[in-house]
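Working notes, structure below.
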Amino acid sequence: MIYKLVPHGIEVIFINIVDGVEVIYEDFFDHQDISSIQSQFLKYN
């Protein structure tokens with residue numbers, strides 16, 4: 001996961017390899033609490 005801090009929050013870029021194909025998924029959070037983002041990501045995957 002790549003975290004990019006932006007003025008009003010944080011952009012998170014997830015890169016998954018699925019069957020040899022790179023899948024890039026971006027999301028935006030309106031806060032900068034990386035630990036809560038990580039726990040949320042782990043909960044859904």
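Identifiers in this document derive from the order of the structure tokens: chains are assigned A, B, ..., residues are numbered from 1 separately in each chain, and ligands are numbered from 1 in order of occurrence.
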
Picked from chain A by DSSP as strand (DSSP E), as a list in words: Ile2, Tyr3, Lys4, Leu5, Val6, Gly9, Ile10, Glu11, Val12, Ile13, Phe14, Ile15, Asn16, Ile17, Val18, Val21, Glu22, Val23, Ile24, Tyr25, Glu26, Asp27, Phe28 and Phe29 of chain A

Those same residues, written as a short mmCIF file (atom, residue, chain, number, x, y, z; two decimals), in the first residue's frame with N, CA and C atoms?
```
data_model
loop_
_atom_site.label_atom_id
_atom_site.label_comp_id
_atom_site.auth_asym_id
_atom_site.auth_seq_id
_atom_site.Cartn_x
_atom_site.Cartn_y
_atom_site.Cartn_z
N ILE A 2 0.47 2.21 -0.76
CA ILE A 2 1.21 3.46 -0.84
C ILE A 2 0.32 4.54 -0.25
N TYR A 3 0.87 5.31 0.68
CA TYR A 3 0.12 6.40 1.31
C TYR A 3 0.64 7.72 0.77
N LYS A 4 -0.27 8.58 0.34
CA LYS A 4 0.12 9.89 -0.16
C LYS A 4 -0.68 10.93 0.60
N LEU A 5 -0.01 11.68 1.47
CA LEU A 5 -0.70 12.70 2.25
C LEU A 5 -1.04 13.86 1.33
N VAL A 6 -2.30 14.29 1.38
CA VAL A 6 -2.76 15.44 0.60
C VAL A 6 -3.39 16.42 1.59
N GLY A 9 -6.58 15.19 3.50
CA GLY A 9 -6.72 13.79 3.87
C GLY A 9 -5.54 12.98 3.39
N ILE A 10 -5.84 11.78 2.96
CA ILE A 10 -4.78 10.88 2.52
C ILE A 10 -5.30 10.04 1.36
N GLU A 11 -4.45 9.89 0.35
CA GLU A 11 -4.77 8.99 -0.75
C GLU A 11 -4.06 7.68 -0.50
N VAL A 12 -4.75 6.59 -0.70
CA VAL A 12 -4.16 5.27 -0.51
C VAL A 12 -4.23 4.53 -1.83
N ILE A 13 -3.10 3.99 -2.27
CA ILE A 13 -3.04 3.23 -3.51
C ILE A 13 -2.72 1.79 -3.14
N PHE A 14 -3.62 0.90 -3.48
CA PHE A 14 -3.43 -0.53 -3.24
C PHE A 14 -3.02 -1.16 -4.56
N ILE A 15 -1.97 -1.95 -4.55
CA ILE A 15 -1.56 -2.69 -5.74
C ILE A 15 -1.60 -4.17 -5.41
N ASN A 16 -2.48 -4.87 -6.07
CA ASN A 16 -2.63 -6.31 -5.86
C ASN A 16 -2.24 -7.04 -7.13
N ILE A 17 -1.64 -8.18 -6.99
CA ILE A 17 -1.36 -9.04 -8.13
C ILE A 17 -2.40 -10.16 -8.11
N VAL A 18 -3.26 -10.18 -9.11
CA VAL A 18 -4.32 -11.17 -9.20
C VAL A 18 -4.10 -11.98 -10.47
N VAL A 21 -1.85 -10.49 -12.92
CA VAL A 21 -2.23 -9.18 -13.45
C VAL A 21 -2.22 -8.17 -12.31
N GLU A 22 -1.58 -7.02 -12.55
CA GLU A 22 -1.51 -6.00 -11.52
C GLU A 22 -2.81 -5.22 -11.48
N VAL A 23 -3.45 -5.19 -10.33
CA VAL A 23 -4.70 -4.45 -10.15
C VAL A 23 -4.41 -3.28 -9.22
N ILE A 24 -4.65 -2.06 -9.70
CA ILE A 24 -4.39 -0.87 -8.90
C ILE A 24 -5.72 -0.27 -8.49
N TYR A 25 -5.86 -0.02 -7.20
CA TYR A 25 -7.09 0.52 -6.65
C TYR A 25 -6.73 1.73 -5.79
N GLU A 26 -7.36 2.86 -6.05
CA GLU A 26 -7.08 4.06 -5.28
C GLU A 26 -8.28 4.42 -4.44
N ASP A 27 -8.01 4.95 -3.27
CA ASP A 27 -9.08 5.41 -2.41
C ASP A 27 -8.64 6.68 -1.72
N PHE A 28 -9.59 7.45 -1.24
CA PHE A 28 -9.30 8.71 -0.56
C PHE A 28 -10.00 8.72 0.79
N PHE A 29 -9.28 9.13 1.81
CA PHE A 29 -9.85 9.25 3.14
C PHE A 29 -9.72 10.70 3.59
#
```

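All residues in chain A with a DSSP state of alpha helix (DSSP H), computed from the backbone, read Ile34, Ser35, Ser36, Ile37, Gln38, Ser39, Gln40, Phe41, Leu42, Lys43 and Tyr44 of chain A.
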
Store the residues picked out above, limited to C-alpha atoms, as a compact mmCIF listing (two decimals), in the first residue's frame.
```txt
# COMPACT_ATOMS: atom_id res chain seq x y z
CA ILE A 34 -2.99 5.63 8.71
CA SER A 35 -3.49 3.00 11.44
CA SER A 36 -7.28 3.12 11.14
CA ILE A 37 -6.99 2.87 7.35
CA GLN A 38 -4.78 -0.21 7.70
CA SER A 39 -7.20 -1.91 10.09
CA GLN A 40 -10.13 -1.05 7.81
CA PHE A 41 -8.26 -2.48 4.80
CA LEU A 42 -7.40 -5.69 6.65
CA LYS A 43 -11.00 -6.07 7.78
CA TYR A 44 -12.32 -6.06 4.20
```
